[in-house]
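Novice: So here's entry-v3.cif, just mmCIF, C-alpha atoms:
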```
data_query
loop_
_atom_site.label_atom_id
_atom_site.label_comp_id
_atom_site.auth_asym_id
_atom_site.auth_seq_id
_atom_site.Cartn_x
_atom_site.Cartn_y
_atom_site.Cartn_z
CA MET A 1395 88.75 25.90 56.55
CA ALA A 1396 84.98 26.34 56.41
CA SER A 1397 83.61 27.61 53.11
CA PHE A 1398 80.97 30.31 52.91
CA LYS A 1399 78.85 32.19 50.41
CA VAL A 1400 77.27 35.62 50.50
CA ARG A 1401 73.69 35.97 49.35
CA LYS A 1402 70.81 38.36 49.68
CA TYR A 1403 68.65 38.29 52.79
CA ARG A 1404 65.61 36.04 52.95
CA ASP A 1405 62.75 36.25 55.44
CA GLU A 1406 63.84 33.04 57.17
CA ASP A 1407 67.14 34.74 58.07
CA GLU A 1408 65.44 37.17 60.45
CA GLU A 1409 66.13 35.40 63.75
CA PRO A 1410 69.79 34.49 63.13
CA VAL A 1411 70.45 38.02 61.84
CA LYS A 1412 69.01 39.56 64.99
CA GLU A 1413 70.98 37.11 67.12
CA ILE A 1414 74.27 37.97 65.36
CA PHE A 1415 73.58 41.67 65.77
CA ALA A 1416 72.79 41.39 69.49
CA LEU A 1417 75.80 39.17 70.23
CA GLY A 1418 78.12 41.40 68.23
CA MET A 1419 77.05 44.56 70.01
CA SER A 1420 77.24 42.91 73.43
CA GLU A 1421 80.89 42.11 72.80
CA HIS A 1422 81.67 45.83 73.05
CA VAL A 1423 80.53 46.13 76.67
CA PRO A 1424 83.91 45.14 78.23
CA THR A 1425 85.94 47.38 75.89
CA SER A 1426 83.56 50.29 76.46
CA PHE A 1427 83.89 49.83 80.22
CA MET A 1428 87.68 49.85 79.93
CA HIS A 1429 87.47 52.98 77.76
CA MET A 1430 85.46 54.63 80.52
CA LEU A 1431 88.04 53.66 83.16
CA LYS A 1432 90.89 55.13 81.10
CA GLN A 1433 89.32 58.59 81.04
CA PRO A 1434 91.04 61.15 83.33
CA LEU A 1435 87.72 62.29 84.79
CA THR A 1436 86.81 58.74 85.85
CA GLN A 1437 90.17 58.19 87.47
CA MET A 1438 90.02 61.55 89.24
CA VAL A 1439 86.53 60.88 90.65
CA LEU A 1440 87.47 57.42 91.89
CA MET A 1441 90.65 58.71 93.48
CA CYS A 1442 88.85 61.61 95.20
CA ILE A 1443 86.17 59.30 96.60
CA PHE A 1444 88.79 56.82 97.79
CA CYS A 1445 90.90 59.50 99.50
CA ALA A 1446 87.89 61.24 101.05
CA LEU A 1447 86.54 58.02 102.55
CA LEU A 1448 89.98 56.92 103.68
CA THR A 1449 90.53 60.25 105.46
CA SER A 1450 87.11 60.43 107.07
CA SER A 1451 86.73 56.79 108.12
CA LYS A 1452 90.35 55.98 109.03
CA SER A 1453 89.59 52.62 107.48
CA PHE A 1454 91.09 51.10 104.35
CA LEU A 1455 88.23 48.62 103.86
CA LEU A 1456 85.44 51.20 103.45
CA PRO A 1457 86.97 53.14 100.51
CA VAL A 1458 87.94 49.89 98.81
CA LEU A 1459 84.36 48.60 99.08
CA ALA A 1460 82.95 51.93 97.94
CA VAL A 1461 85.15 52.08 94.83
CA THR A 1462 84.39 48.44 94.08
CA LEU A 1463 80.66 49.14 94.22
CA LEU A 1464 81.07 52.21 92.01
CA LEU A 1465 82.96 50.15 89.44
CA ALA A 1466 80.29 47.46 89.51
CA GLY A 1467 77.62 50.11 89.02
CA ALA A 1468 79.53 51.66 86.12
CA ARG A 1469 79.84 48.25 84.49
CA GLN A 1470 76.11 47.74 84.81
CA LEU A 1471 75.48 51.19 83.34
CA VAL A 1472 77.57 50.39 80.27
CA SER A 1473 75.75 47.08 79.85
CA TYR A 1474 72.39 48.83 80.18
CA LEU A 1475 73.31 51.43 77.53
CA PHE A 1476 74.28 48.73 75.02
CA THR A 1477 71.18 46.69 75.82
CA SER A 1478 69.06 49.79 75.22
CA TYR A 1479 70.77 50.40 71.89
CA ILE A 1480 70.20 46.79 70.84
CA ASP A 1481 66.52 46.97 71.80
CA THR A 1482 66.09 50.26 69.94
CA SER A 1483 67.72 48.88 66.78
CA LEU A 1484 65.58 45.73 66.88
CA LYS A 1485 62.51 47.95 67.00
CA ASP A 1486 63.81 50.26 64.28
CA ASP A 1487 65.49 49.16 61.02
CA LEU A 1488 65.86 45.50 62.10
CA LYS A 1489 62.18 45.16 62.99
CA CYS A 1490 61.30 44.57 59.36
CA ILE A 1491 64.49 44.02 57.38
CA ARG A 1492 62.70 43.37 54.11
CA GLU A 1493 60.80 46.64 54.30
CA THR A 1494 63.82 48.66 55.46
CA TYR A 1495 66.46 47.29 53.12
CA MET A 1496 65.07 44.99 50.44
CA GLU A 1497 62.10 46.99 49.18
CA LYS A 1498 63.77 50.40 48.95
CA LYS A 1499 65.73 51.70 45.99
CA ASP A 1500 69.53 51.48 46.29
CA SER A 1501 69.34 49.53 49.55
CA CYS A 1502 70.07 45.89 50.26
CA PHE A 1503 70.86 43.38 53.00
CA TRP A 1504 73.17 40.38 52.64
CA VAL A 1505 74.06 37.41 54.80
CA ALA A 1506 77.09 35.12 54.79
CA GLU A 1507 76.15 31.47 54.99
CA SER A 1508 78.38 28.56 55.99
CA GLU A 1509 77.18 24.96 56.05
CA GLY A 1510 73.59 26.12 55.90
CA ARG A 1511 73.98 28.50 58.83
CA VAL A 1512 73.90 32.31 58.75
CA VAL A 1513 77.24 33.45 60.17
CA GLY A 1514 77.56 37.07 59.06
CA MET A 1515 75.63 40.02 57.72
CA VAL A 1516 75.89 43.49 56.25
CA ALA A 1517 73.54 46.06 54.80
CA CYS A 1518 73.62 49.32 52.92
CA LEU A 1519 71.12 52.05 52.24
CA THR A 1520 70.98 55.59 50.96
CA SER A 1521 72.69 58.19 53.12
CA GLN A 1522 72.19 61.88 53.73
CA THR A 1523 75.02 62.44 51.26
CA GLU A 1524 73.47 61.96 47.82
CA GLU A 1525 76.67 60.66 46.25
CA CYS A 1526 77.15 57.87 48.82
CA LEU A 1527 75.56 54.74 50.18
CA GLU A 1528 76.02 53.88 53.85
CA LEU A 1529 77.30 50.51 55.06
CA LYS A 1530 75.43 49.33 58.16
CA ARG A 1531 74.98 46.34 60.46
CA MET A 1532 78.26 44.61 59.65
CA SER A 1533 78.80 41.65 61.96
CA VAL A 1534 80.28 38.14 61.82
CA ARG A 1535 79.87 35.40 64.38
CA ARG A 1536 82.94 35.06 66.59
CA SER A 1537 83.26 31.39 65.61
CA HIS A 1538 83.67 32.31 61.93
CA ARG A 1539 86.01 35.27 62.10
CA GLY A 1540 89.38 35.15 60.37
CA LEU A 1541 87.96 33.40 57.29
CA GLY A 1542 87.68 36.50 55.11
CA ILE A 1543 83.92 36.82 55.56
CA ALA A 1544 83.98 40.45 56.66
CA LYS A 1545 86.23 41.42 53.73
CA GLU A 1546 83.88 39.71 51.30
CA LEU A 1547 80.87 41.47 52.83
CA CYS A 1548 82.69 44.80 52.42
CA LYS A 1549 83.40 43.94 48.77
CA VAL A 1550 79.75 43.10 48.13
CA VAL A 1551 78.68 46.49 49.46
CA ALA A 1552 81.36 48.29 47.42
CA ASP A 1553 80.33 46.47 44.23
CA PHE A 1554 76.65 47.21 44.85
CA THR A 1555 77.43 50.87 45.44
CA ARG A 1556 79.49 51.12 42.24
CA GLU A 1557 76.86 49.33 40.15
CA SER A 1558 74.18 51.61 41.58
CA GLY A 1559 76.09 54.63 40.28
CA TYR A 1560 77.24 56.10 43.58
CA LYS A 1561 80.73 57.50 44.14
CA ALA A 1562 81.51 56.11 47.59
CA VAL A 1563 80.51 54.08 50.61
CA ILE A 1564 80.48 55.71 54.03
CA LEU A 1565 80.14 54.07 57.43
CA TYR A 1566 80.29 54.94 61.11
CA THR A 1567 82.04 53.00 63.86
CA SER A 1568 82.87 53.79 67.47
CA VAL A 1569 86.14 54.45 69.25
CA VAL A 1570 85.96 51.07 71.03
CA GLN A 1571 85.50 49.02 67.82
CA THR A 1572 89.20 48.80 67.06
CA ASP A 1573 88.98 45.50 65.16
CA ALA A 1574 86.38 47.02 62.85
CA GLN A 1575 88.56 50.08 62.29
CA ARG A 1576 91.51 47.89 61.29
CA LEU A 1577 89.31 45.88 58.91
CA TYR A 1578 87.90 48.94 57.17
CA GLU A 1579 91.30 50.55 56.80
CA HIS A 1580 92.71 47.28 55.44
CA VAL A 1581 90.11 47.14 52.64
CA GLY A 1582 90.68 50.77 51.67
CA TYR A 1583 88.44 52.95 53.80
CA LYS A 1584 89.83 56.31 54.92
CA LYS A 1585 88.84 58.07 58.13
CA THR A 1586 87.16 61.34 57.16
CA GLY A 1587 85.85 62.70 60.45
CA ASP A 1588 84.77 62.11 64.01
CA PHE A 1589 82.18 63.39 66.45
CA VAL A 1590 80.83 62.67 69.92
CA PHE A 1591 77.31 61.39 70.52
CA GLN A 1592 74.93 64.13 71.60
CA SER A 1593 74.52 62.80 75.11
CA LEU A 1594 76.06 63.85 78.41
CA LEU A 1595 77.67 60.46 79.11
CA ALA A 1596 79.20 60.27 75.63
CA LYS A 1597 80.70 63.74 76.04
CA VAL A 1598 81.98 63.06 79.55
CA PHE A 1599 83.68 59.82 78.52
CA ASN A 1600 84.84 60.94 75.04
CA PHE A 1601 82.88 58.25 73.23
CA TYR A 1602 83.80 59.18 69.68
CA ILE A 1603 82.14 58.00 66.49
CA TYR A 1604 84.42 57.80 63.44
CA GLU A 1605 83.30 58.30 59.86
CA TYR A 1606 85.01 56.26 57.15
CA ARG A 1607 84.72 56.58 53.38
CA LEU A 1608 85.63 54.29 50.48
CA GLU A 1609 85.75 55.66 46.93
CA VAL A 1610 84.34 53.08 44.51
CA GLN A 1611 84.26 54.89 41.17
CA GLU A 1612 87.43 55.07 39.14
CA VAL A 1613 88.70 58.58 38.51
CA THR A 1614 89.26 59.24 34.83
CA GLY A 1615 91.64 61.94 33.70
CA GLY A 1616 90.99 64.30 30.82
#
```
Can I see the file as structure tokens?
Specialist:
Amino acid sequence: MASFKVRKYRDEDEEPVKEIFALGMSEHVPTSFMHMLKQPLTQMVLMCIFCALLTSSKSFLLPVLAVTLLLAGARQLVSYLFTSYIDTSLKDDLKCIRETYMEKKDSCFWVAESEGRVVGMVACLTSQTEECLELKRMSVRRSHRGLGIAKELCKVVADFTRESGYKAVILYTSVVQTDAQRLYEHVGYKKTGDFVFQSLLAKVFNFYIYEYRLEVQEVTGG
């Protein structure tokens, strides 16, 4: 089993961190596409188009080709949306990681390193809720999953939050990130809410975002 260590981000980690982020987000394209296909509206539209073309053309080949093209287009749309999100993030907080996370109070960025190679990452920063810090940018290379790296990264964030005097860690993950949901629940996070992105596509396809919270301060009784 490969050993690893978690340490604070250094400037030379910038490229591998961005690579891990982009690869990790791209992995959600197939599951997001399947989520779209499972929605009743999607199935109804595809069925209506298929039946309409079958009735009007008296040909089975035309509706099959039409639905196939629609599915291919939908797959490309999902890929485009994730690519856009990746590009936006790389131009936002990940453009200058040191400035965003390392030089601000109660914020930090860590990487997991194995055999001299960056294989995982996580960050936290202040949230809109004054009593909490927010966990962000959690990702581990596919080749190094199952080694406990993600759990250790979660622990590092929880310890940092506790030592910084905050009550809890919060994070947000999407409906298609089922592995992440299982991980967070396994280490003690509780789901505290959900909402849909404020975009037409997200509302149409029920693309929910879940909020999770982990209490890190011990409750003392009087």
Novice: Give me, please, the distance in Å between atom CA of Ala1468 of chain A and atom CA of Tyr1602 of chain A, quoted to one decimal.
Specialist: 18.6 Å
Novice: Run the PyMOL selection byres ((chain A and resi 1537-1552) around 8) on the file and write out the hits as a list in words.
Specialist: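 Here the PyMOL selection byres ((chain A and resi 1537-1552) around 8) matches Met1395, Ala1396, Phe1398, Val1400, Trp1504, Ala1506, Val1513, Gly1514, Met1515, Val1516, Ala1517, Cys1518, Leu1529, Met1532, Ser1533, Val1534, Arg1535, Arg1536, Asp1553, Phe1554, Thr1555, Arg1556, Ala1562, Val1563, Leu1577, Val1581, Leu1608 and Val1610 of chain A.
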Novice: Would you mind reading off the distance between atom CA of Ile1491 of chain A and atom CA of Leu1417 of chain A, one decimal, in Å?
Specialist: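 Computing it gives 17.8 Å between the two atoms.
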Novice: So which residues get picked by the PyMOL selection byres ((chain A and resi 1475-1479) around 9) here, written as a list in words?
Specialist: Ala1416, Met1419, Ser1420, His1422, Val1423, Gln1470, Leu1471, Val1472, Ser1473, Tyr1474, Ile1480, Asp1481, Thr1482, Ser1483 and Leu1484 of chain A
Novice: Please indicate the distance in Å from atom CA of Lys1399 of chain A to atom CA of Glu1507 of chain A, rounded to one decimal place.
Specialist: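 A separation of 5.4 Å between them.
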Novice: Contacts of Tyr1583 of chain A at 8 Å or less, counting all atoms listed in the file, minus same-chain residues fewer than 5 places along, as an MDAnalysis selection string?
Specialist: chainID A and resid 1578 1606:1609
Novice: For Phe1444 of chain A, work out the shell of residues within 12 Å, counting only C-alpha atoms and skipping chain neighbours fewer than 2 positions away, then give it as a PyMOL selection string.
Specialist: chain A and resi 1437-1442+1446-1464
Novice: Quick one: of A:Tyr1560, A:Val1598, A:Asp1588, A:Glu1409, who's nearest to Glu1612 of chain A, counting only C-alpha atoms?
Specialist: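 Between A:Tyr1560, A:Val1598, A:Asp1588, A:Glu1409, the residue approaching Glu1612 of chain A most closely is A:Tyr1560.
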Novice: Might you pull out every residue within 8 Å of Met1496 of chain A, with only C-alpha atoms counted and same-chain residues fewer than 6 positions away left off, and present them as an MDAnalysis selection string?
Specialist: chainID A and resid 1403 1502:1503
Novice: Run through the PyMOL selection byres ((chain A and resi 1589) around 8) on the given coordinates and return the selected residues as an NGL selection string.
Specialist: :A and (1587-1588 or 1590-1591 or 1602-1604)
Novice: Restricting it to C-alpha atoms, dump the selection as a PDB file, in the frame of the given file.
Specialist:
```pdb
ATOM      1  CA  GLY A1587      85.850  62.700  60.450  1.00  0.00           C
ATOM      2  CA  ASP A1588      84.770  62.110  64.010  1.00  0.00           C
ATOM      3  CA  VAL A1590      80.830  62.670  69.920  1.00  0.00           C
ATOM      4  CA  PHE A1591      77.310  61.390  70.520  1.00  0.00           C
ATOM      5  CA  TYR A1602      83.800  59.180  69.680  1.00  0.00           C
ATOM      6  CA  ILE A1603      82.140  58.000  66.490  1.00  0.00           C
ATOM      7  CA  TYR A1604      84.420  57.800  63.440  1.00  0.00           C
TER       8      TYR A1604
END
```
Novice: Emit a file covering segment 1463-1537 of chain A of the preceding structure with C-alpha atoms, as a PDB file, in the first residue's frame.
Specialist:
```pdb
ATOM      1  CA  LEU A1463     -28.502  12.643 -32.456  1.00  0.00           C
ATOM      2  CA  LEU A1464     -30.440  14.289 -29.627  1.00  0.00           C
ATOM      3  CA  LEU A1465     -28.716  12.069 -27.082  1.00  0.00           C
ATOM      4  CA  ALA A1466     -25.318  12.854 -28.575  1.00  0.00           C
ATOM      5  CA  GLY A1467     -26.132  16.559 -28.426  1.00  0.00           C
ATOM      6  CA  ALA A1468     -27.267  16.277 -24.806  1.00  0.00           C
ATOM      7  CA  ARG A1469     -24.031  14.492 -23.921  1.00  0.00           C
ATOM      8  CA  GLN A1470     -22.037  17.275 -25.527  1.00  0.00           C
ATOM      9  CA  LEU A1471     -24.079  19.873 -23.644  1.00  0.00           C
ATOM     10  CA  VAL A1472     -23.306  18.232 -20.303  1.00  0.00           C
ATOM     11  CA  SER A1473     -19.616  18.060 -21.205  1.00  0.00           C
ATOM     12  CA  TYR A1474     -19.654  21.729 -22.217  1.00  0.00           C
ATOM     13  CA  LEU A1475     -21.288  22.786 -18.924  1.00  0.00           C
ATOM     14  CA  PHE A1476     -18.642  20.973 -16.872  1.00  0.00           C
ATOM     15  CA  THR A1477     -15.840  22.347 -19.041  1.00  0.00           C
ATOM     16  CA  SER A1478     -17.221  25.850 -18.511  1.00  0.00           C
ATOM     17  CA  TYR A1479     -17.346  25.306 -14.754  1.00  0.00           C
ATOM     18  CA  ILE A1480     -13.755  24.048 -14.737  1.00  0.00           C
ATOM     19  CA  ASP A1481     -12.574  27.044 -16.768  1.00  0.00           C
ATOM     20  CA  THR A1482     -14.441  29.464 -14.494  1.00  0.00           C
ATOM     21  CA  SER A1483     -12.947  27.909 -11.350  1.00  0.00           C
ATOM     22  CA  LEU A1484      -9.429  28.005 -12.794  1.00  0.00           C
ATOM     23  CA  LYS A1485      -9.911  31.720 -13.421  1.00  0.00           C
ATOM     24  CA  ASP A1486     -11.452  32.309  -9.998  1.00  0.00           C
ATOM     25  CA  ASP A1487     -10.177  30.881  -6.685  1.00  0.00           C
ATOM     26  CA  LEU A1488      -7.712  28.464  -8.334  1.00  0.00           C
ATOM     27  CA  LYS A1489      -6.081  31.194 -10.418  1.00  0.00           C
ATOM     28  CA  CYS A1490      -3.942  32.232  -7.471  1.00  0.00           C
ATOM     29  CA  ILE A1491      -4.238  29.620  -4.734  1.00  0.00           C
ATOM     30  CA  ARG A1492      -1.774  31.315  -2.434  1.00  0.00           C
ATOM     31  CA  GLU A1493      -3.659  34.595  -2.526  1.00  0.00           C
ATOM     32  CA  THR A1494      -7.091  32.951  -2.197  1.00  0.00           C
ATOM     33  CA  TYR A1495      -6.348  30.426   0.516  1.00  0.00           C
ATOM     34  CA  MET A1496      -2.896  30.816   2.063  1.00  0.00           C
ATOM     35  CA  GLU A1497      -2.766  34.563   2.688  1.00  0.00           C
ATOM     36  CA  LYS A1498      -6.241  35.010   4.166  1.00  0.00           C
ATOM     37  CA  LYS A1499      -7.179  34.563   7.801  1.00  0.00           C
ATOM     38  CA  ASP A1500      -8.815  31.239   8.700  1.00  0.00           C
ATOM     39  CA  SER A1501      -8.249  29.817   5.219  1.00  0.00           C
ATOM     40  CA  CYS A1502      -5.837  27.164   4.023  1.00  0.00           C
ATOM     41  CA  PHE A1503      -5.076  24.714   1.218  1.00  0.00           C
ATOM     42  CA  TRP A1504      -3.527  21.277   1.661  1.00  0.00           C
ATOM     43  CA  VAL A1505      -2.239  18.599  -0.677  1.00  0.00           C
ATOM     44  CA  ALA A1506      -1.717  14.874  -0.178  1.00  0.00           C
ATOM     45  CA  GLU A1507       1.648  13.691  -1.437  1.00  0.00           C
ATOM     46  CA  SER A1508       2.684  10.126  -2.257  1.00  0.00           C
ATOM     47  CA  GLU A1509       6.166   9.219  -3.462  1.00  0.00           C
ATOM     48  CA  GLY A1510       6.883  12.848  -4.234  1.00  0.00           C
ATOM     49  CA  ARG A1511       3.735  13.284  -6.312  1.00  0.00           C
ATOM     50  CA  VAL A1512       0.667  15.370  -5.447  1.00  0.00           C
ATOM     51  CA  VAL A1513      -2.276  12.952  -5.448  1.00  0.00           C
ATOM     52  CA  GLY A1514      -5.003  14.790  -3.555  1.00  0.00           C
ATOM     53  CA  MET A1515      -6.099  18.177  -2.313  1.00  0.00           C
ATOM     54  CA  VAL A1516      -8.560  20.036  -0.137  1.00  0.00           C
ATOM     55  CA  ALA A1517      -9.114  23.602   0.987  1.00  0.00           C
ATOM     56  CA  CYS A1518     -11.175  25.573   3.440  1.00  0.00           C
ATOM     57  CA  LEU A1519     -12.062  29.211   3.838  1.00  0.00           C
ATOM     58  CA  THR A1520     -14.470  31.410   5.732  1.00  0.00           C
ATOM     59  CA  SER A1521     -18.124  30.993   4.833  1.00  0.00           C
ATOM     60  CA  GLN A1522     -21.143  33.261   4.894  1.00  0.00           C
ATOM     61  CA  THR A1523     -22.029  31.617   8.199  1.00  0.00           C
ATOM     62  CA  GLU A1524     -19.742  33.229  10.768  1.00  0.00           C
ATOM     63  CA  GLU A1525     -19.576  30.147  12.975  1.00  0.00           C
ATOM     64  CA  CYS A1526     -18.389  27.842  10.165  1.00  0.00           C
ATOM     65  CA  LEU A1527     -15.565  27.284   7.736  1.00  0.00           C
ATOM     66  CA  GLU A1528     -16.328  25.826   4.318  1.00  0.00           C
ATOM     67  CA  LEU A1529     -14.557  22.775   2.897  1.00  0.00           C
ATOM     68  CA  LYS A1530     -13.815  23.181  -0.812  1.00  0.00           C
ATOM     69  CA  ARG A1531     -11.955  21.594  -3.717  1.00  0.00           C
ATOM     70  CA  MET A1532     -11.729  18.087  -2.280  1.00  0.00           C
ATOM     71  CA  SER A1533     -10.340  15.683  -4.861  1.00  0.00           C
ATOM     72  CA  VAL A1534      -8.076  12.622  -5.000  1.00  0.00           C
ATOM     73  CA  ARG A1535      -6.516  11.078  -8.074  1.00  0.00           C
ATOM     74  CA  ARG A1536      -8.388   7.973  -9.197  1.00  0.00           C
ATOM     75  CA  SER A1537      -5.177   5.934  -8.972  1.00  0.00           C
TER      76      SER A1537
END
```
